[in-house]
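> The structure file target_2.cif (mmCIF, C-alpha atoms) is provided below.
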```cif
data_data
loop_
_atom_site.label_atom_id
_atom_site.label_comp_id
_atom_site.auth_asym_id
_atom_site.auth_seq_id
_atom_site.Cartn_x
_atom_site.Cartn_y
_atom_site.Cartn_z
CA MET D 158 -57.95 18.72 37.95
CA PHE D 159 -55.19 17.03 39.95
CA VAL D 160 -57.56 14.20 40.85
CA VAL D 161 -58.41 13.64 37.18
CA LEU D 162 -54.72 13.71 36.23
CA ALA D 163 -53.89 11.24 39.00
CA GLY D 164 -56.68 8.91 37.88
CA PHE D 165 -55.51 9.09 34.26
CA LEU D 166 -51.92 8.31 35.28
CA ALA D 167 -53.17 5.42 37.44
CA ILE D 168 -55.01 3.92 34.45
CA ILE D 169 -51.95 4.31 32.20
CA GLY D 170 -49.74 2.77 34.88
CA THR D 171 -52.11 -0.16 35.28
CA LEU D 172 -52.17 -0.81 31.53
CA VAL D 173 -48.37 -0.60 31.28
CA ALA D 174 -47.94 -2.93 34.24
CA GLY D 175 -50.44 -5.38 32.74
CA TYR D 176 -48.67 -5.31 29.37
CA TYR D 177 -45.30 -5.86 31.04
CA PHE D 178 -46.72 -8.74 33.07
CA ALA D 179 -48.23 -10.35 29.96
CA MET D 180 -45.13 -9.90 27.76
CA ARG D 181 -42.38 -10.54 30.30
CA ILE D 182 -39.82 -13.29 29.73
CA GLU D 183 -40.71 -16.49 31.59
CA SER D 184 -38.49 -19.43 32.44
CA LEU D 185 -39.92 -22.94 32.21
CA ARG D 186 -38.28 -26.00 33.77
CA ILE D 187 -38.20 -29.02 31.44
CA ALA D 188 -37.47 -32.50 32.83
CA VAL D 189 -35.58 -34.70 30.37
CA GLY D 190 -33.26 -37.71 30.45
CA PRO D 191 -31.28 -39.86 30.47
CA ALA D 192 -27.86 -38.35 29.84
CA ASN D 193 -26.58 -38.43 26.25
CA SER D 194 -30.05 -39.38 24.97
CA ASP D 195 -31.68 -37.90 21.89
CA ASP D 196 -34.34 -36.33 24.09
CA LEU D 197 -31.73 -34.47 26.12
CA LYS D 198 -29.97 -33.28 22.96
CA VAL D 199 -33.25 -31.94 21.56
CA ALA D 200 -34.00 -30.10 24.80
CA GLN D 201 -30.50 -28.60 24.90
CA THR D 202 -30.83 -27.45 21.30
CA LEU D 203 -34.20 -25.83 21.98
CA ALA D 204 -32.94 -24.12 25.15
CA GLN D 205 -29.97 -22.65 23.29
CA ALA D 206 -32.15 -21.48 20.40
CA PHE D 207 -34.67 -19.84 22.75
CA SER D 208 -31.92 -17.98 24.61
CA THR D 209 -30.46 -16.47 21.42
CA GLN D 210 -33.76 -15.14 20.08
CA LYS D 211 -34.34 -11.53 21.13
CA SER D 212 -38.10 -11.77 20.61
CA SER D 213 -38.36 -14.95 22.68
CA GLN D 214 -40.73 -14.74 25.65
CA ILE D 215 -39.85 -18.20 26.95
CA ARG D 216 -36.58 -19.55 28.29
CA LEU D 217 -35.94 -23.22 29.06
CA ARG D 218 -34.10 -24.49 32.12
CA LEU D 219 -33.14 -28.16 31.93
CA VAL D 220 -33.91 -30.52 34.79
CA PRO D 221 -31.82 -33.66 34.05
CA THR D 222 -33.38 -37.00 35.04
CA ASP D 223 -32.55 -40.69 34.76
CA GLY D 224 -35.12 -41.29 32.04
CA ALA D 225 -38.67 -40.83 30.84
CA VAL D 226 -40.14 -42.38 34.01
CA ALA D 227 -38.23 -39.96 36.25
CA SER D 228 -39.19 -37.05 33.99
CA ALA D 229 -42.86 -37.94 34.27
CA GLN D 230 -42.52 -38.17 38.05
CA ALA D 231 -40.83 -34.76 38.22
CA LEU D 232 -43.78 -33.27 36.36
CA ALA D 233 -46.27 -35.05 38.62
CA ASP D 234 -44.47 -33.75 41.73
CA GLY D 235 -44.45 -30.17 40.45
CA LYS D 236 -40.66 -30.08 40.17
CA ALA D 237 -40.88 -29.30 36.44
CA ASP D 238 -43.19 -27.26 34.21
CA LEU D 239 -42.51 -29.33 31.08
CA ALA D 240 -41.30 -32.88 30.52
CA ILE D 241 -40.38 -35.21 27.68
CA ILE D 242 -42.09 -38.54 28.26
CA ARG D 243 -42.75 -41.78 26.40
CA GLY D 244 -46.32 -42.33 25.35
CA ASP D 245 -46.23 -46.03 26.23
CA LEU D 246 -45.48 -45.33 29.89
CA GLU D 247 -47.85 -44.16 32.58
CA VAL D 248 -48.75 -40.55 31.90
CA PRO D 249 -49.07 -38.24 34.93
CA ARG D 250 -52.59 -37.06 35.63
CA ASN D 251 -51.52 -33.44 35.51
CA ALA D 252 -49.81 -33.80 32.10
CA GLN D 253 -51.23 -32.13 28.99
CA ALA D 254 -49.73 -32.52 25.53
CA VAL D 255 -47.89 -29.63 23.90
CA ALA D 256 -46.10 -31.30 20.97
CA THR D 257 -45.18 -34.69 19.56
CA LEU D 258 -41.40 -34.84 19.73
CA ARG D 259 -40.91 -37.91 17.53
CA LYS D 260 -42.14 -41.40 16.78
CA ASN D 261 -40.10 -44.44 17.72
CA VAL D 262 -40.46 -47.80 16.00
CA ALA D 263 -39.79 -51.22 17.47
CA VAL D 264 -37.19 -53.13 15.46
CA LEU D 265 -36.84 -56.89 15.95
CA TRP D 266 -34.11 -58.71 14.06
CA VAL D 267 -32.14 -61.93 14.12
CA PRO D 268 -28.43 -61.94 13.23
CA PRO D 269 -27.30 -64.48 10.59
CA GLN D 270 -26.26 -67.83 12.03
CA PRO D 271 -22.48 -68.27 12.19
CA LYS D 272 -21.11 -71.00 9.95
CA VAL D 273 -19.42 -73.75 11.98
CA ARG D 274 -17.89 -76.74 10.21
CA GLY D 275 -19.22 -80.09 11.29
CA ARG D 276 -22.17 -78.61 13.19
CA LYS D 277 -25.73 -78.46 11.97
CA ALA D 278 -27.11 -74.98 11.82
CA ALA D 279 -29.84 -74.10 14.30
CA PRO D 280 -33.33 -73.58 12.90
CA LYS D 281 -33.63 -70.11 11.44
CA ILE D 282 -35.93 -67.71 13.29
CA THR D 283 -38.25 -65.91 10.86
CA LYS D 284 -41.30 -65.17 13.02
CA VAL D 285 -41.95 -63.63 16.42
CA ALA D 286 -43.73 -66.79 17.57
CA GLN D 287 -40.46 -68.74 17.16
CA LEU D 288 -38.66 -66.66 19.84
CA ALA D 289 -39.79 -68.95 22.70
CA GLY D 290 -36.80 -70.55 24.42
CA HIS D 291 -34.29 -68.08 22.94
CA ARG D 292 -32.20 -65.23 24.30
CA ILE D 293 -33.42 -61.76 23.30
CA GLY D 294 -31.15 -58.76 23.69
CA VAL D 295 -32.79 -55.42 24.46
CA VAL D 296 -30.87 -52.28 23.53
CA GLY D 297 -31.04 -49.73 26.34
CA ARG D 298 -31.30 -49.98 30.08
CA THR D 299 -34.83 -48.64 30.42
CA GLN D 300 -37.49 -51.02 31.67
CA ALA D 301 -39.88 -49.52 29.12
CA ASN D 302 -38.14 -51.39 26.28
CA VAL D 303 -38.48 -54.65 28.19
CA ASN D 304 -42.19 -53.94 28.69
CA LEU D 305 -42.47 -53.28 24.96
CA LEU D 306 -40.92 -56.66 24.18
CA LYS D 307 -43.31 -58.40 26.58
CA VAL D 308 -46.33 -56.77 24.91
CA ILE D 309 -45.17 -58.08 21.53
CA LEU D 310 -44.46 -61.60 22.83
CA GLN D 311 -47.78 -61.88 24.66
CA GLN D 312 -49.70 -60.87 21.53
CA TYR D 313 -48.11 -63.85 19.74
CA GLY D 314 -48.79 -66.22 22.64
CA VAL D 315 -45.17 -66.42 23.76
CA ASP D 316 -44.78 -66.48 27.52
CA PRO D 317 -42.13 -63.86 28.47
CA ALA D 318 -40.99 -66.23 31.21
CA LYS D 319 -39.90 -68.69 28.52
CA VAL D 320 -37.39 -66.31 26.96
CA THR D 321 -34.16 -64.97 28.40
CA ILE D 322 -34.03 -61.18 28.27
CA VAL D 323 -30.57 -59.63 28.20
CA GLN D 324 -30.31 -55.84 28.57
CA PHE D 325 -27.26 -53.73 27.78
CA PRO D 326 -26.62 -49.98 27.41
CA ALA D 327 -27.02 -48.40 23.99
CA ASN D 328 -23.31 -47.57 23.82
CA GLU D 329 -22.49 -51.26 24.32
CA ALA D 330 -24.93 -52.57 21.71
CA VAL D 331 -22.35 -53.11 18.97
CA GLU D 332 -20.02 -55.12 21.22
CA ALA D 333 -22.90 -57.17 22.67
CA ILE D 334 -24.09 -58.12 19.19
CA LYS D 335 -20.63 -59.00 17.96
CA SER D 336 -20.06 -61.20 20.98
CA GLN D 337 -23.33 -63.05 20.25
CA LYS D 338 -24.91 -62.40 23.66
CA ALA D 339 -28.39 -63.09 22.25
CA ASP D 340 -30.19 -64.90 19.46
CA ALA D 341 -32.43 -61.92 18.57
CA PHE D 342 -32.42 -58.24 19.37
CA LEU D 343 -34.92 -55.46 19.99
CA ALA D 344 -34.24 -51.75 19.60
CA ALA D 345 -36.66 -48.85 19.88
CA GLY D 346 -35.94 -45.48 18.38
CA PRO D 347 -36.49 -43.24 15.35
CA VAL D 348 -36.34 -44.89 11.95
CA ASN D 349 -33.03 -43.16 11.24
CA SER D 350 -31.60 -43.79 14.71
CA LYS D 351 -27.82 -44.10 14.61
CA ILE D 352 -27.86 -46.48 17.58
CA THR D 353 -30.22 -48.88 15.81
CA THR D 354 -28.39 -48.55 12.49
CA ASP D 355 -25.01 -49.33 14.07
CA ALA D 356 -26.47 -52.28 15.99
CA ILE D 357 -27.97 -53.79 12.84
CA ALA D 358 -24.76 -53.21 10.91
CA ALA D 359 -22.88 -55.11 13.62
CA SER D 360 -25.20 -58.07 13.05
CA THR D 361 -23.83 -58.65 9.57
CA ARG D 362 -21.24 -61.39 9.61
CA ASP D 363 -19.72 -63.77 7.09
CA GLY D 364 -21.64 -62.04 4.33
CA GLY D 365 -24.96 -62.94 5.90
CA LYS D 366 -27.73 -60.43 6.42
CA PRO D 367 -29.93 -60.01 9.51
CA THR D 368 -33.52 -61.20 9.34
CA PHE D 369 -36.12 -58.60 10.33
CA LEU D 370 -39.14 -59.99 12.17
CA ALA D 371 -42.37 -58.41 11.04
CA ILE D 372 -44.96 -57.64 13.71
CA ASP D 373 -47.97 -58.61 11.61
CA LEU D 374 -50.32 -58.26 14.59
CA ALA D 375 -49.46 -54.55 15.01
CA ASP D 376 -53.11 -53.52 14.48
CA ALA D 377 -54.24 -55.87 17.24
CA ILE D 378 -51.55 -54.56 19.59
CA ALA D 379 -52.64 -50.99 18.86
CA GLN D 380 -56.22 -51.98 19.55
CA ASN D 381 -55.35 -53.52 22.90
CA HIS D 382 -52.77 -50.91 23.88
CA PRO D 383 -53.76 -47.37 22.75
CA ALA D 384 -50.25 -46.06 23.45
CA TYR D 385 -48.97 -48.01 20.41
CA GLU D 386 -49.72 -47.54 16.73
CA ALA D 387 -49.34 -49.82 13.75
CA SER D 388 -46.45 -48.62 11.61
CA GLU D 389 -43.96 -49.67 8.93
CA ILE D 390 -40.21 -49.60 8.59
CA PRO D 391 -39.42 -48.48 5.02
CA ALA D 392 -37.04 -50.58 2.96
CA GLY D 393 -33.42 -49.50 3.28
CA SER D 394 -33.97 -47.53 6.51
CA PHE D 395 -30.83 -48.98 8.13
CA GLY D 396 -28.63 -49.30 5.07
CA THR D 397 -28.91 -49.87 1.36
CA ASP D 398 -30.57 -53.26 1.76
CA ARG D 399 -31.52 -53.38 5.41
CA PRO D 400 -34.34 -54.26 5.35
CA GLU D 401 -34.84 -55.31 1.76
CA ASP D 402 -38.61 -54.86 1.94
CA GLU D 403 -40.99 -52.83 4.06
CA VAL D 404 -41.46 -54.36 7.52
CA LYS D 405 -44.60 -54.00 9.57
CA THR D 406 -44.09 -53.01 13.23
CA ILE D 407 -45.50 -50.90 16.03
CA SER D 408 -44.53 -47.39 17.07
CA PHE D 409 -44.96 -45.10 20.04
CA THR D 410 -44.41 -41.40 20.51
CA HIS D 411 -42.32 -39.18 22.72
CA HIS D 412 -44.30 -36.17 23.88
CA ILE D 413 -43.49 -32.76 25.24
CA VAL D 414 -46.09 -32.28 27.95
CA ALA D 415 -46.89 -29.39 30.26
CA ARG D 416 -48.14 -29.39 33.80
CA ARG D 417 -51.83 -28.61 34.12
CA GLY D 418 -52.30 -25.18 35.65
CA ILE D 419 -49.65 -23.32 33.66
CA SER D 420 -51.33 -20.36 32.01
CA GLU D 421 -52.70 -20.73 28.51
CA SER D 422 -50.77 -17.70 27.25
CA THR D 423 -47.44 -19.09 28.50
CA ILE D 424 -47.85 -22.46 26.77
CA ALA D 425 -49.18 -20.79 23.63
CA ALA D 426 -46.03 -18.64 23.52
CA PHE D 427 -43.83 -21.71 24.07
CA THR D 428 -45.61 -23.66 21.31
CA ARG D 429 -45.36 -20.72 18.93
CA GLN D 430 -41.62 -20.40 19.53
CA LEU D 431 -41.12 -24.16 19.27
CA PHE D 432 -42.61 -24.44 15.79
CA ALA D 433 -41.07 -21.15 14.67
CA ILE D 434 -37.52 -22.47 15.14
CA ARG D 435 -38.21 -26.10 14.19
CA GLN D 436 -37.31 -25.71 10.53
CA SER D 437 -34.29 -23.51 11.25
CA LEU D 438 -32.80 -26.25 13.44
CA LYS D 439 -33.29 -29.21 11.13
CA ASN D 440 -29.90 -28.77 9.43
CA GLU D 441 -28.06 -28.52 12.76
CA PHE D 442 -30.16 -31.15 14.53
CA PRO D 443 -32.33 -33.31 12.22
CA LEU D 444 -34.48 -34.68 15.07
CA ALA D 445 -35.90 -31.19 15.63
CA ALA D 446 -37.58 -31.36 12.23
CA LYS D 447 -39.66 -34.33 13.42
CA ILE D 448 -41.52 -32.26 16.01
CA GLU D 449 -45.24 -32.28 15.20
CA THR D 450 -48.34 -30.63 16.58
CA PRO D 451 -50.23 -32.56 19.28
CA ASP D 452 -53.47 -34.44 18.77
CA THR D 453 -56.25 -31.96 19.57
CA ASP D 454 -59.08 -34.51 19.45
CA LYS D 455 -61.12 -34.86 22.61
CA ASP D 456 -60.41 -38.61 22.74
CA ALA D 457 -56.63 -38.19 22.46
CA THR D 458 -54.50 -40.45 24.67
CA ILE D 459 -52.96 -37.39 26.31
CA PRO D 460 -55.30 -34.37 26.48
CA VAL D 461 -53.89 -31.32 24.79
CA HIS D 462 -53.03 -28.21 26.78
CA PRO D 463 -55.45 -25.32 26.00
CA GLY D 464 -52.53 -23.05 25.08
CA ALA D 465 -51.15 -25.53 22.55
CA ALA D 466 -54.65 -26.18 21.19
CA ALA D 467 -55.18 -22.43 20.72
CA PHE D 468 -51.97 -22.21 18.68
CA VAL D 469 -52.79 -25.26 16.55
CA ASP D 470 -56.38 -24.14 15.88
CA GLY D 471 -55.39 -20.53 15.22
CA ASP D 472 -57.41 -19.27 18.19
CA GLU D 473 -54.50 -17.82 20.12
CA LYS D 474 -55.69 -14.76 22.03
CA THR D 475 -54.05 -11.35 21.73
CA PHE D 476 -53.21 -9.15 24.69
CA LEU D 477 -56.54 -7.31 24.46
CA ASP D 478 -58.45 -10.58 24.02
CA ARG D 479 -56.93 -11.99 27.20
CA TYR D 480 -57.18 -8.91 29.37
CA SER D 481 -60.06 -6.86 27.95
CA ASP D 482 -62.38 -8.08 30.70
CA PHE D 483 -59.85 -7.14 33.35
CA ILE D 484 -59.36 -3.71 31.78
CA TRP D 485 -63.12 -3.14 31.59
CA TRP D 486 -63.73 -4.21 35.17
CA GLY D 487 -60.71 -2.20 36.26
CA LEU D 488 -62.16 0.95 34.71
CA MET D 489 -65.50 0.21 36.34
CA ALA D 490 -63.76 -0.30 39.67
CA LEU D 491 -61.87 2.97 39.31
CA SER D 492 -65.12 4.75 38.49
CA ALA D 493 -66.83 3.23 41.50
CA MET D 494 -63.86 4.11 43.70
CA GLY D 495 -63.97 7.69 42.39
CA SER D 496 -67.66 7.99 43.20
CA ALA D 497 -67.13 6.50 46.63
CA GLY D 498 -64.20 8.84 47.22
CA ALA D 499 -66.25 11.86 46.16
CA TRP D 500 -69.07 10.83 48.50
CA PHE D 501 -66.65 10.28 51.37
CA ALA D 502 -64.97 13.63 50.74
CA GLY D 503 -68.39 15.29 50.71
CA TYR D 504 -69.31 13.51 53.91
CA LEU D 505 -66.17 14.80 55.61
CA LYS D 506 -67.09 18.39 54.56
CA LYS D 507 -70.68 18.11 55.79
CA ASP D 508 -70.00 20.04 59.00
CA GLU D 509 -68.21 22.78 57.09
CA ARG D 510 -71.16 23.16 54.71
CA GLN D 511 -73.62 23.29 57.62
CA THR D 512 -71.54 25.98 59.32
CA ASN D 513 -71.47 28.03 56.11
CA THR D 514 -75.24 27.70 55.74
CA SER D 515 -75.79 29.02 59.26
CA GLN D 516 -73.42 31.91 58.54
CA ARG D 517 -75.33 32.76 55.38
CA GLU D 518 -78.57 32.80 57.38
CA ARG D 519 -76.84 35.06 59.94
CA LEU D 520 -75.82 37.43 57.10
CA LEU D 521 -79.44 37.65 55.91
CA ASP D 522 -80.61 38.39 59.46
CA MET D 523 -77.99 41.16 59.73
CA LEU D 524 -79.24 42.55 56.43
CA ARG D 525 -82.73 42.91 57.92
CA THR D 526 -81.33 44.40 61.14
CA ALA D 527 -79.08 46.88 59.31
CA ARG D 528 -82.04 48.49 57.55
CA GLN D 529 -83.60 49.40 60.94
CA CYS D 530 -80.47 50.02 63.00
CA ASP D 531 -80.17 53.51 64.67
CA SER D 532 -76.56 53.12 65.84
CA ILE D 533 -73.54 53.61 63.66
CA GLU D 534 -71.44 51.59 66.15
CA GLU D 535 -73.81 48.66 65.78
CA LEU D 536 -73.56 48.90 62.00
CA ASP D 537 -69.75 48.84 62.24
CA ARG D 538 -69.91 45.75 64.48
CA MET D 539 -72.18 43.92 62.04
CA GLN D 540 -69.91 44.89 59.14
CA ALA D 541 -66.90 43.42 60.96
CA GLU D 542 -68.89 40.22 61.57
CA ALA D 543 -69.79 40.13 57.86
CA ASP D 544 -66.06 40.34 57.02
CA ASP D 545 -65.42 37.28 59.22
CA ILE D 546 -68.26 35.41 57.49
CA LEU D 547 -66.74 36.34 54.12
CA ARG D 548 -63.37 34.94 55.20
CA ASP D 549 -64.91 31.64 56.33
CA THR D 550 -66.97 31.35 53.13
CA LEU D 551 -63.92 31.79 50.91
CA GLN D 552 -62.09 29.09 52.88
CA CYS D 553 -65.05 26.72 52.40
CA TYR D 554 -64.96 27.38 48.67
CA GLU D 555 -61.22 26.67 48.51
CA HIS D 556 -61.74 23.40 50.41
CA GLY D 557 -64.47 22.35 48.02
CA ALA D 558 -67.19 22.35 50.67
CA ILE D 559 -69.39 24.76 48.62
CA GLU D 560 -69.79 25.13 44.86
CA GLN D 561 -69.58 28.16 42.60
CA GLY D 562 -73.34 28.65 42.60
CA THR D 563 -73.48 28.83 46.39
CA LEU D 564 -70.61 31.34 46.39
CA ASN D 565 -72.45 33.53 43.85
CA ALA D 566 -75.59 33.53 46.02
CA PHE D 567 -73.47 34.50 49.04
CA ASN D 568 -71.88 37.37 47.08
CA ILE D 569 -75.34 38.73 46.24
CA ALA D 570 -76.39 38.63 49.91
CA LEU D 571 -73.11 40.25 51.00
CA GLU D 572 -73.49 43.02 48.44
CA GLN D 573 -77.03 43.71 49.61
CA PHE D 574 -75.81 43.84 53.20
CA HIS D 575 -73.06 46.34 52.41
CA ASN D 576 -75.51 48.50 50.45
CA ALA D 577 -77.97 48.42 53.35
CA VAL D 578 -75.25 49.42 55.84
CA ALA D 579 -74.04 52.23 53.61
CA ASP D 580 -77.56 53.57 53.05
CA ARG D 581 -78.38 53.36 56.75
CA LYS D 582 -75.17 55.17 57.76
CA THR D 583 -75.91 57.93 55.27
CA LEU D 584 -79.43 58.33 56.66
CA LEU D 585 -78.28 58.37 60.29
CA MET D 586 -75.54 60.90 59.64
CA SER D 587 -78.06 63.28 58.01
CA MET D 588 -80.51 63.17 60.95
CA PRO D 589 -80.17 65.53 64.00
CA GLN D 590 -78.98 63.81 67.20
CA THR D 591 -82.27 64.55 69.10
CA LEU D 592 -84.28 62.97 66.29
CA GLN D 593 -82.03 59.88 66.32
CA ARG D 594 -82.54 59.45 70.08
CA THR D 595 -86.34 59.93 69.78
CA SER D 596 -86.51 57.38 66.95
CA ALA D 597 -84.48 54.89 68.95
CA GLN D 598 -86.64 55.37 72.06
CA PHE D 599 -89.85 55.02 70.09
CA ARG D 600 -88.63 51.83 68.44
CA ALA D 601 -87.52 50.44 71.80
CA ALA D 602 -90.94 51.24 73.36
CA GLY D 603 -92.72 49.59 70.44
CA THR D 604 -90.60 46.51 70.86
CA ALA D 605 -91.40 46.40 74.56
#
```
Is it possible to give me this structure as structure tokens?

Amino acid sequence: MFVVLAGFLAIIGTLVAGYYFAMRIESLRIAVGPANSDDLKVAQTLAQAFSTQKSSQIRLRLVPTDGAVASAQALADGKADLAIIRGDLEVPRNAQAVATLRKNVAVLWVPPQPKVRGRKAAPKITKVAQLAGHRIGVVGRTQANVNLLKVILQQYGVDPAKVTIVQFPANEAVEAIKSQKADAFLAAGPVNSKITTDAIAASTRDGGKPTFLAIDLADAIAQNHPAYEASEIPAGSFGTDRPEDEVKTISFTHHIVARRGISESTIAAFTRQLFAIRQSLKNEFPLAAKIETPDTDKDATIPVHPGAAAFVDGDEKTFLDRYSDFIWWGLMALSAMGSAGAWFAGYLKKDERQTNTSQRERLLDMLRTARQCDSIEELDRMQAEADDILRDTLQCYEHGAIEQGTLNAFNIALEQFHNAVADRKTLLMSMPQTLQRTSAQFRAAGTA
């Protein structure tokens, strides 16, 4: 009974421990940068929202980096569990997509030419192919934006070596444009990016409006570089009339990726929480509303993590789905261990059972002897020996060496022995002493 109770408690304890392990709060490290970037602000907002939700299973711990390249490297080196990376940069081999954070568009524009008396205005730039020999300002210090510009120029046959590329930080974009450090500018960011909007607004001078350069070969660029997609900038995206008409361009995505090897249930829980709070954060942080589900196609540029795919496809496993096999095999293992334990316990009691069997045979021999015994002293000695056998048999039963059926058989033999002793004593006590001696001598002579 105690063994059964202990086994039952062990099973309950195992199930409780498994449930606690599956539902415990986990902390994931997310690499993001640079400082003061939109990516970092999104990650901070998500981390704060996760920490305030009581039902949240996932917590985020920020790992600040110098940019998307450093974030990708942190993920590749195992220093982070999650990372926010640019889709047009080299993706780590161990990265799997969890969500699309946002889409950035490339914006190319030319400020209006300043009016100078007595000087002929320079030819107006209206096409990307006319950028050869000019200075092009790139908003942001990241090399990725420079690479983006080179991809665009090369598609139009413009040698990047024949243009002068001037880079400046995003917070210095307005001053750089006002000081006319370049003839054209490139910015990459969301359509409603404040940095891009302010930079374009700074381009307006003397009543003139900036000229937006359409990337008409966006489809060809997307064909040659899968990280980019053909896209459009809607009219009025950067002001009431900037641009006046829709402008064709290319776009790329920022992804939230997870390190391959993180459990499916953990990433599924993270993805579920991410999209559960997305709408609630859009008023506080509009960029959070742009988070989209990842591409689950097999030919996706970044393969999707199985946990995120399970959430998107509605195949997320419950606790029993994930651990039913473990529970089943655990019960089978406990059953096998119980059988092995019972066999081992029986093996340890083998000597005790053999001793009891020999004692039972001795009791049956004494039963036969008692029916022919002519000495009351001998009967008393055998009865004392039978009491010792009874004591040993009861101890064997308490130790589990013999079963109830064996004990019942022993009781029958013991009762027969006591009856035989009692009957023989009664007979001997009723016989004269001379007759007892003659009977004993005759039996001894017959034995000889």
> Show me as a PyMOL selection string the residues that reach within 10 Å of (-27.8, -39.9, 19.7), counting all atoms listed in the file and using the file's own coordinates.
chain D and resi 193-199+327-328+346+350-352+444
> Could those selected residues go to a file with C-alpha atoms, as a compact mmCIF listing (two decimals), in the coordinates of the input?

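For reference, part16.txt as written:
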```
# COMPACT_ATOMS: atom_id res chain seq x y z
CA ASN D 193 -26.58 -38.43 26.25
CA SER D 194 -30.05 -39.38 24.97
CA ASP D 195 -31.68 -37.90 21.89
CA ASP D 196 -34.34 -36.33 24.09
CA LEU D 197 -31.73 -34.47 26.12
CA LYS D 198 -29.97 -33.28 22.96
CA VAL D 199 -33.25 -31.94 21.56
CA ALA D 327 -27.02 -48.40 23.99
CA ASN D 328 -23.31 -47.57 23.82
CA GLY D 346 -35.94 -45.48 18.38
CA SER D 350 -31.60 -43.79 14.71
CA LYS D 351 -27.82 -44.10 14.61
CA ILE D 352 -27.86 -46.48 17.58
CA LEU D 444 -34.48 -34.68 15.07
```
> In terms of the shortest atom-to-atom distance over all atoms listed in the file, which of D:Ala318, D:Val262, D:Leu239, D:Ile546 is closest to Asn349 in chain D?
D:Val262
> Quick one: everything within 9 Å of Ala577 in chain D, counting only C-alpha atoms, minus sequence neighbours fewer than 2 positions away in the same chain. Send it as number ranges by chain.
D: 524-525, 527-528, 572-575, 579-582
> Residues within 9 Å of range 210-226 of chain D, please, as a PDB file with C-alpha atoms, in the frame of the given file. Count all atoms listed in the file; anything in the same chain fewer than 4 positions from it doesn't count.

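This is the output file around-v8.pdb:
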```pdb
ATOM      1  CA  MET D 180     -45.130  -9.900  27.760  1.00  0.00           C
ATOM      2  CA  ARG D 181     -42.380 -10.540  30.300  1.00  0.00           C
ATOM      3  CA  ILE D 182     -39.820 -13.290  29.730  1.00  0.00           C
ATOM      4  CA  GLU D 183     -40.710 -16.490  31.590  1.00  0.00           C
ATOM      5  CA  SER D 184     -38.490 -19.430  32.440  1.00  0.00           C
ATOM      6  CA  LEU D 185     -39.920 -22.940  32.210  1.00  0.00           C
ATOM      7  CA  ARG D 186     -38.280 -26.000  33.770  1.00  0.00           C
ATOM      8  CA  ILE D 187     -38.200 -29.020  31.440  1.00  0.00           C
ATOM      9  CA  ALA D 188     -37.470 -32.500  32.830  1.00  0.00           C
ATOM     10  CA  VAL D 189     -35.580 -34.700  30.370  1.00  0.00           C
ATOM     11  CA  GLY D 190     -33.260 -37.710  30.450  1.00  0.00           C
ATOM     12  CA  PRO D 191     -31.280 -39.860  30.470  1.00  0.00           C
ATOM     13  CA  ALA D 192     -27.860 -38.350  29.840  1.00  0.00           C
ATOM     14  CA  SER D 194     -30.050 -39.380  24.970  1.00  0.00           C
ATOM     15  CA  LEU D 197     -31.730 -34.470  26.120  1.00  0.00           C
ATOM     16  CA  ALA D 200     -34.000 -30.100  24.800  1.00  0.00           C
ATOM     17  CA  GLN D 201     -30.500 -28.600  24.900  1.00  0.00           C
ATOM     18  CA  LEU D 203     -34.200 -25.830  21.980  1.00  0.00           C
ATOM     19  CA  ALA D 204     -32.940 -24.120  25.150  1.00  0.00           C
ATOM     20  CA  GLN D 205     -29.970 -22.650  23.290  1.00  0.00           C
ATOM     21  CA  ALA D 206     -32.150 -21.480  20.400  1.00  0.00           C
ATOM     22  CA  GLN D 230     -42.520 -38.170  38.050  1.00  0.00           C
ATOM     23  CA  ALA D 231     -40.830 -34.760  38.220  1.00  0.00           C
ATOM     24  CA  LYS D 236     -40.660 -30.080  40.170  1.00  0.00           C
ATOM     25  CA  ALA D 237     -40.880 -29.300  36.440  1.00  0.00           C
ATOM     26  CA  ALA D 240     -41.300 -32.880  30.520  1.00  0.00           C
ATOM     27  CA  ILE D 241     -40.380 -35.210  27.680  1.00  0.00           C
ATOM     28  CA  ILE D 242     -42.090 -38.540  28.260  1.00  0.00           C
ATOM     29  CA  ARG D 243     -42.750 -41.780  26.400  1.00  0.00           C
ATOM     30  CA  LEU D 246     -45.480 -45.330  29.890  1.00  0.00           C
ATOM     31  CA  GLU D 247     -47.850 -44.160  32.580  1.00  0.00           C
ATOM     32  CA  THR D 299     -34.830 -48.640  30.420  1.00  0.00           C
ATOM     33  CA  ALA D 301     -39.880 -49.520  29.120  1.00  0.00           C
ATOM     34  CA  THR D 423     -47.440 -19.090  28.500  1.00  0.00           C
ATOM     35  CA  ALA D 426     -46.030 -18.640  23.520  1.00  0.00           C
ATOM     36  CA  PHE D 427     -43.830 -21.710  24.070  1.00  0.00           C
ATOM     37  CA  GLN D 430     -41.620 -20.400  19.530  1.00  0.00           C
TER      38      GLN D 430
END
```
> To one decimal place, how far is CA of Val461 in chain D from CA of Ile378 in chain D in Å?
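For CA of Val461 in chain D relative to CA of Ile378 in chain D, the distance reads 23.9 Å.
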> At a cut-off of 7 Å, using only C-alpha atoms, what residues contact Ala344 in chain D? Leave out same-chain residues fewer than 2 positions from it and give the result as a list in words.
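Once the adjacent positions are removed, what remains is Ala263, Val264, Leu265, Val295, Val296, Phe342, Gly346 and Thr353 of chain D.
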> Counting only C-alpha atoms, what is within 9 Å of Glu401 in chain D, bar same-chain residues fewer than 3 positions away, as a CSV table (one decimal) with C-alpha atoms, in the coordinates of the input?

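selection_32.csv, freshly written:
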```csv
chain,number,residue,atom,x,y,z
D,391,PRO,CA,-39.4,-48.5,5.0
D,392,ALA,CA,-37.0,-50.6,3.0
D,393,GLY,CA,-33.4,-49.5,3.3
D,397,THR,CA,-28.9,-49.9,1.4
D,398,ASP,CA,-30.6,-53.3,1.8
D,404,VAL,CA,-41.5,-54.4,7.5
```
